[in-house]
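Undergrad: Have a look at this one before I ask anything.
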Amino acid sequence: MKPTEQTLQEAERAIRKIAEKFPPTEEATQLTDIHIRVSQDTGEMLAFDDDDNEINRCVVEQWIDNKDDDFYEGVATTLRSILNNRKDLIEQMSVLKPYSFVLEDDDREAIEELYLVDDDIVILNDELMADLDKDLDDFLDKLLKE
């Protein structure tokens with residue numbers, strides 16, 4: 001599922017509104033995760049804190065009645081891209097670190113972690129890690145031959 005320009009704008013606006021709930025000048029809030037629930041039927045994207053209090057809600061038109069088998073993979077890719085592009089805003093939120101943005105389905109089941117905010121840890125995405133095993137094996141073989 002390739003996101004339309006409108007989808008990108010709607011999702012980015014939602015992420016910005018989440019960040020605005022935690023302006024950097026206020027005392028840091030204790031959260032461990034920001035849960036983003038996306039409904040494949042209604043297209044709703046809801047954000048919740050750890051106590052299941054709603055932070056933000058929006059509807060993404062392209063996601064309404066979307067029956068794609070890879071729906072959540074496409075949503076995850078879209079949201080991860082937006083979070084990476086807006087990391088300056090996301091990492092300045094007044095939330096005690098570390099905290100994560102987690103994608104969930106309608107049943108509140110975690111699908112995947114989209115973004116981790118921590119001063120000491122960096123999470124590499126799947127594309128960077130895809131051939132790591134092969135590269136390490138090749139490196140080890142080369143070392144053993146020498």
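Please note that chains go A, B, ... in the order of the structure tokens, that every chain numbers its residues from 1, and that ligands are numbered from 1 in the order shown.
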If you run DSSP over the backbone, which residues in segment 43-97 of chain A end up strand (DSSP E)? Put them as a PyMOL selection string.
TA: chain A and resi 44-48+54-59
Undergrad: Near segment 66-81 of chain A, within 10 Å and counting only C-alpha atoms, which residues show up once chain neighbours fewer than 5 positions away are dropped, as a list in words?
TA: Met1, Lys2, Pro3, Thr7, Leu8, Ala11, Glu12, Ile15, Ile36, Val38, Ser39, Gln40, Asp41, Thr42, Gly43, Glu61, Arg86, Lys87, Phe101, Val102, Leu103, Glu104, Asp105, Ile111, Glu112, Glu113, Leu114, Tyr115 and Asn125 of chain A
Undergrad: Can you spit out the residues from that selection as a CSV table (one decimal), in the first residue's frame, using N, CA, C and O atoms?
TA:
```
chain,number,residue,atom,x,y,z
A,1,MET,N,0.9,-1.2,0.0
A,1,MET,CA,0.0,0.0,0.0
A,1,MET,C,0.9,1.2,0.0
A,1,MET,O,1.6,1.5,0.9
A,2,LYS,N,0.8,2.0,-1.1
A,2,LYS,CA,1.6,3.2,-1.2
A,2,LYS,C,0.7,4.3,-0.7
A,2,LYS,O,-0.4,4.5,-1.1
A,3,PRO,N,1.2,5.1,0.3
A,3,PRO,CA,0.4,6.2,0.9
A,3,PRO,C,0.3,7.3,-0.1
A,3,PRO,O,1.2,7.7,-0.8
A,7,THR,N,-2.8,11.0,2.8
A,7,THR,CA,-2.5,10.1,3.9
A,7,THR,C,-1.3,10.6,4.7
A,7,THR,O,-1.3,10.6,5.9
A,8,LEU,N,-0.2,10.9,4.0
A,8,LEU,CA,1.0,11.4,4.7
A,8,LEU,C,0.7,12.7,5.5
A,8,LEU,O,1.2,12.8,6.6
A,11,ALA,N,-1.5,11.7,8.6
A,11,ALA,CA,-0.7,11.0,9.6
A,11,ALA,C,0.3,11.9,10.3
A,11,ALA,O,0.5,11.8,11.5
A,12,GLU,N,0.9,12.7,9.5
A,12,GLU,CA,1.9,13.7,10.1
A,12,GLU,C,1.3,14.7,11.0
A,12,GLU,O,1.8,15.0,12.1
A,15,ILE,N,0.7,12.9,14.3
A,15,ILE,CA,2.0,12.8,15.0
A,15,ILE,C,2.3,14.1,15.7
A,15,ILE,O,2.7,14.2,16.8
A,36,ILE,N,-0.3,3.6,19.3
A,36,ILE,CA,-1.0,4.0,18.2
A,36,ILE,C,-1.8,2.9,17.6
A,36,ILE,O,-1.3,1.9,17.2
A,38,VAL,N,-4.6,1.6,15.0
A,38,VAL,CA,-5.1,1.9,13.6
A,38,VAL,C,-6.2,0.8,13.3
A,38,VAL,O,-6.0,-0.4,13.5
A,39,SER,N,-7.4,1.3,12.9
A,39,SER,CA,-8.5,0.4,12.5
A,39,SER,C,-8.5,0.3,11.0
A,39,SER,O,-8.6,1.3,10.3
A,40,GLN,N,-8.5,-1.0,10.6
A,40,GLN,CA,-8.5,-1.3,9.1
A,40,GLN,C,-10.0,-1.0,8.6
A,40,GLN,O,-10.1,-0.8,7.4
A,41,ASP,N,-11.0,-1.1,9.4
A,41,ASP,CA,-12.3,-0.9,9.0
A,41,ASP,C,-12.7,0.6,8.9
A,41,ASP,O,-13.2,1.1,7.9
A,42,THR,N,-12.4,1.4,10.0
A,42,THR,CA,-12.8,2.8,10.0
A,42,THR,C,-11.8,3.8,9.6
A,42,THR,O,-12.1,4.9,9.4
A,43,GLY,N,-10.5,3.3,9.5
A,43,GLY,CA,-9.5,4.2,9.1
A,43,GLY,C,-9.0,5.1,10.3
A,43,GLY,O,-8.2,6.0,10.1
A,61,GLU,N,-8.3,8.8,5.4
A,61,GLU,CA,-9.3,8.3,4.4
A,61,GLU,C,-8.8,7.1,3.7
A,61,GLU,O,-9.6,6.2,3.4
A,86,ARG,N,10.4,13.5,11.6
A,86,ARG,CA,10.0,14.5,12.6
A,86,ARG,C,10.7,14.2,13.9
A,86,ARG,O,10.3,14.6,15.0
A,87,LYS,N,11.9,13.5,13.9
A,87,LYS,CA,12.5,13.1,15.1
A,87,LYS,C,13.0,14.3,16.0
A,87,LYS,O,13.0,14.1,17.2
A,101,PHE,N,7.1,4.5,20.5
A,101,PHE,CA,5.8,4.6,19.7
A,101,PHE,C,5.6,3.2,19.3
A,101,PHE,O,6.4,2.6,18.6
A,102,VAL,N,4.4,2.6,19.6
A,102,VAL,CA,4.1,1.2,19.3
A,102,VAL,C,2.8,1.2,18.5
A,102,VAL,O,1.8,1.8,18.8
A,103,LEU,N,2.8,0.5,17.4
A,103,LEU,CA,1.7,0.3,16.5
A,103,LEU,C,0.9,-0.9,17.1
A,103,LEU,O,1.4,-2.0,17.3
A,104,GLU,N,-0.4,-0.7,17.2
A,104,GLU,CA,-1.3,-1.8,17.7
A,104,GLU,C,-2.5,-2.0,16.7
A,104,GLU,O,-2.9,-1.0,16.0
A,105,ASP,N,-3.1,-3.1,16.7
A,105,ASP,CA,-4.3,-3.4,15.9
A,105,ASP,C,-5.6,-3.1,16.8
A,105,ASP,O,-5.5,-2.6,17.9
A,111,ILE,N,1.8,-4.7,17.3
A,111,ILE,CA,2.2,-5.2,16.0
A,111,ILE,C,3.7,-5.0,15.9
A,111,ILE,O,4.5,-6.0,15.6
A,112,GLU,N,4.2,-3.8,16.2
A,112,GLU,CA,5.6,-3.6,16.2
A,112,GLU,C,5.9,-2.2,16.8
A,112,GLU,O,5.1,-1.3,16.8
A,113,GLU,N,7.2,-2.1,17.3
A,113,GLU,CA,7.7,-0.8,17.8
A,113,GLU,C,8.1,0.0,16.6
A,113,GLU,O,8.9,-0.4,15.7
A,114,LEU,N,7.6,1.2,16.5
A,114,LEU,CA,7.8,2.1,15.4
A,114,LEU,C,9.1,3.0,15.6
A,114,LEU,O,9.8,3.2,14.7
A,115,TYR,N,9.2,3.4,16.8
A,115,TYR,CA,10.3,4.4,17.1
A,115,TYR,C,10.6,4.4,18.6
A,115,TYR,O,9.7,4.4,19.4
A,125,ASN,N,16.7,0.1,11.7
A,125,ASN,CA,15.5,-0.5,11.1
A,125,ASN,C,15.9,-1.8,10.3
A,125,ASN,O,17.0,-2.1,10.1
```
Undergrad: Calculated over only C-alpha atoms, which of the candidates A:Leu89, A:Glu5, A:Ile18, A:Ile82 has the smallest distance to Glu54 of chain A?
TA: A:Ile18
Undergrad: Name the residues of chain A that fall into helix (DSSP H, G or I) according to DSSP on the backbone, using the chain letters and numbers of this document, as a PDB file with C-alpha atoms, in the first residue's frame.
TA:
```
ATOM      1  CA  GLU A   5      -0.062  12.672  -0.218  1.00  0.00           C
ATOM      2  CA  GLN A   6      -3.267  13.179   1.773  1.00  0.00           C
ATOM      3  CA  THR A   7      -2.482  10.095   3.909  1.00  0.00           C
ATOM      4  CA  LEU A   8       0.993  11.412   4.659  1.00  0.00           C
ATOM      5  CA  GLN A   9      -0.426  14.814   5.625  1.00  0.00           C
ATOM      6  CA  GLU A  10      -3.142  13.315   7.856  1.00  0.00           C
ATOM      7  CA  ALA A  11      -0.719  10.967   9.629  1.00  0.00           C
ATOM      8  CA  GLU A  12       1.933  13.664  10.051  1.00  0.00           C
ATOM      9  CA  ARG A  13      -0.651  16.057  11.510  1.00  0.00           C
ATOM     10  CA  ALA A  14      -1.666  13.343  13.999  1.00  0.00           C
ATOM     11  CA  ILE A  15       1.966  12.754  15.045  1.00  0.00           C
ATOM     12  CA  ARG A  16       2.480  16.512  15.437  1.00  0.00           C
ATOM     13  CA  LYS A  17      -0.636  16.764  17.635  1.00  0.00           C
ATOM     14  CA  ILE A  18       0.654  13.926  19.831  1.00  0.00           C
ATOM     15  CA  ALA A  19       3.951  15.770  20.270  1.00  0.00           C
ATOM     16  CA  GLU A  20       2.098  19.005  21.090  1.00  0.00           C
ATOM     17  CA  GLU A  61      -9.261   8.336   4.399  1.00  0.00           C
ATOM     18  CA  GLN A  62      -7.047   5.865   2.511  1.00  0.00           C
ATOM     19  CA  TRP A  63      -7.213   3.416   5.432  1.00  0.00           C
ATOM     20  CA  PHE A  71      -2.212  -3.216   5.674  1.00  0.00           C
ATOM     21  CA  TYR A  72      -0.348  -2.986   8.986  1.00  0.00           C
ATOM     22  CA  GLU A  73       3.035  -3.339   7.274  1.00  0.00           C
ATOM     23  CA  GLY A  74       2.165  -0.362   5.071  1.00  0.00           C
ATOM     24  CA  VAL A  75       0.896   1.650   8.030  1.00  0.00           C
ATOM     25  CA  ALA A  76       4.040   0.821  10.008  1.00  0.00           C
ATOM     26  CA  THR A  77       6.286   1.898   7.133  1.00  0.00           C
ATOM     27  CA  THR A  78       4.353   5.156   6.717  1.00  0.00           C
ATOM     28  CA  LEU A  79       4.353   6.016  10.428  1.00  0.00           C
ATOM     29  CA  ARG A  80       7.992   5.035  10.913  1.00  0.00           C
ATOM     30  CA  SER A  81       8.961   7.308   8.022  1.00  0.00           C
ATOM     31  CA  ILE A  82       7.022  10.224   9.506  1.00  0.00           C
ATOM     32  CA  LEU A  83       8.498   9.642  12.970  1.00  0.00           C
ATOM     33  CA  ASN A  84      12.008   9.532  11.508  1.00  0.00           C
ATOM     34  CA  ASN A  85      11.385  12.719   9.525  1.00  0.00           C
ATOM     35  CA  LYS A  87      12.531  13.073  15.081  1.00  0.00           C
ATOM     36  CA  ASP A  88      13.591  16.572  16.153  1.00  0.00           C
ATOM     37  CA  LEU A  89      10.033  17.165  17.384  1.00  0.00           C
ATOM     38  CA  ILE A  90       9.508  13.635  18.747  1.00  0.00           C
ATOM     39  CA  ASP A 126      15.018  -3.803   9.249  1.00  0.00           C
ATOM     40  CA  GLU A 127      16.465  -2.529   5.966  1.00  0.00           C
ATOM     41  CA  LEU A 128      19.823  -1.805   7.590  1.00  0.00           C
ATOM     42  CA  MET A 129      19.837  -5.147   9.381  1.00  0.00           C
ATOM     43  CA  LEU A 132      23.835  -8.429   8.691  1.00  0.00           C
ATOM     44  CA  ASP A 133      24.040 -12.209   9.295  1.00  0.00           C
ATOM     45  CA  LYS A 134      25.523 -12.827   5.866  1.00  0.00           C
ATOM     46  CA  ASP A 135      28.007  -9.956   6.259  1.00  0.00           C
ATOM     47  CA  LEU A 136      29.122 -11.229   9.664  1.00  0.00           C
ATOM     48  CA  ASP A 137      29.491 -14.788   8.326  1.00  0.00           C
ATOM     49  CA  ASP A 138      31.567 -13.534   5.387  1.00  0.00           C
ATOM     50  CA  PHE A 139      33.729 -11.478   7.733  1.00  0.00           C
ATOM     51  CA  LEU A 140      34.286 -14.439  10.054  1.00  0.00           C
ATOM     52  CA  ASP A 141      35.154 -16.746   7.129  1.00  0.00           C
ATOM     53  CA  LYS A 142      37.680 -14.225   5.873  1.00  0.00           C
ATOM     54  CA  LEU A 143      39.255 -13.920   9.320  1.00  0.00           C
ATOM     55  CA  LEU A 144      39.507 -17.671   9.755  1.00  0.00           C
ATOM     56  CA  LYS A 145      41.181 -18.089   6.356  1.00  0.00           C
TER      57      LYS A 145
END
```
Undergrad: Just give me the gap between atom CA of Ile34 of chain A and atom CA of Asp50 of chain A in Å, one decimal is fine.
TA: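 According to the coordinates, atom CA of Ile34 of chain A and atom CA of Asp50 of chain A are separated by 6.8 Å.
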Undergrad: With a distance cut-off of 6 Å and only C-alpha atoms, select the neighbouring residues of Tyr99 of chain A, excluding the residue or stretch itself and same-chain residues fewer than 3 positions from it, and output the selection as a compact mmCIF listing (two decimals) with N, CA and C atoms, in the first residue's frame.
TA:
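The file below, result_29.txt, is the result:
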```txt
# COMPACT_ATOMS: atom_id res chain seq x y z
N THR A 32 5.93 4.95 29.26
CA THR A 32 6.87 4.01 28.65
C THR A 32 6.58 3.86 27.16
N ASP A 33 5.31 4.01 26.79
CA ASP A 33 4.94 3.86 25.39
C ASP A 33 3.82 4.81 25.01
N LEU A 116 11.87 4.28 18.95
CA LEU A 116 12.32 4.31 20.34
C LEU A 116 13.07 5.61 20.58
N VAL A 117 12.69 6.32 21.63
CA VAL A 117 13.38 7.55 22.00
C VAL A 117 14.19 7.28 23.25
```
Undergrad: Taking only C-alpha atoms into account, name the residue in A:Ser94, A:Cys58, A:Asn53, A:Asp65 that is nearest to Glu27 of chain A.
TA: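 The answer is A:Ser94, which sits nearest to Glu27 of chain A.
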Undergrad: Find the distance between atom CA of Pro98 of chain A and atom CA of Asp119 of chain A and write it in Å to one decimal.
TA: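 That distance, rounded to one decimal, is 7.6 Å.
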Undergrad: Point out the residue among A:Thr4, A:Asp118, A:Glu146, A:Asp107 with the least atom-to-atom distance to Val60 of chain A, counting only C-alpha atoms.
TA: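 Using only C-alpha atoms, the shortest distance to Val60 of chain A belongs to A:Thr4.
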Undergrad: Ranking A:His35, A:Arg108, A:Lys21, A:Lys97 by minimum distance to Asp49 of chain A and counting only C-alpha atoms, which one comes first?
TA: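 The closest residue to Asp49 of chain A is A:His35.
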Undergrad: Can you work out the spacing between atom CA of Met45 of chain A and atom CA of Met93 of chain A in Å, to one decimal?
TA: 19.9 Å
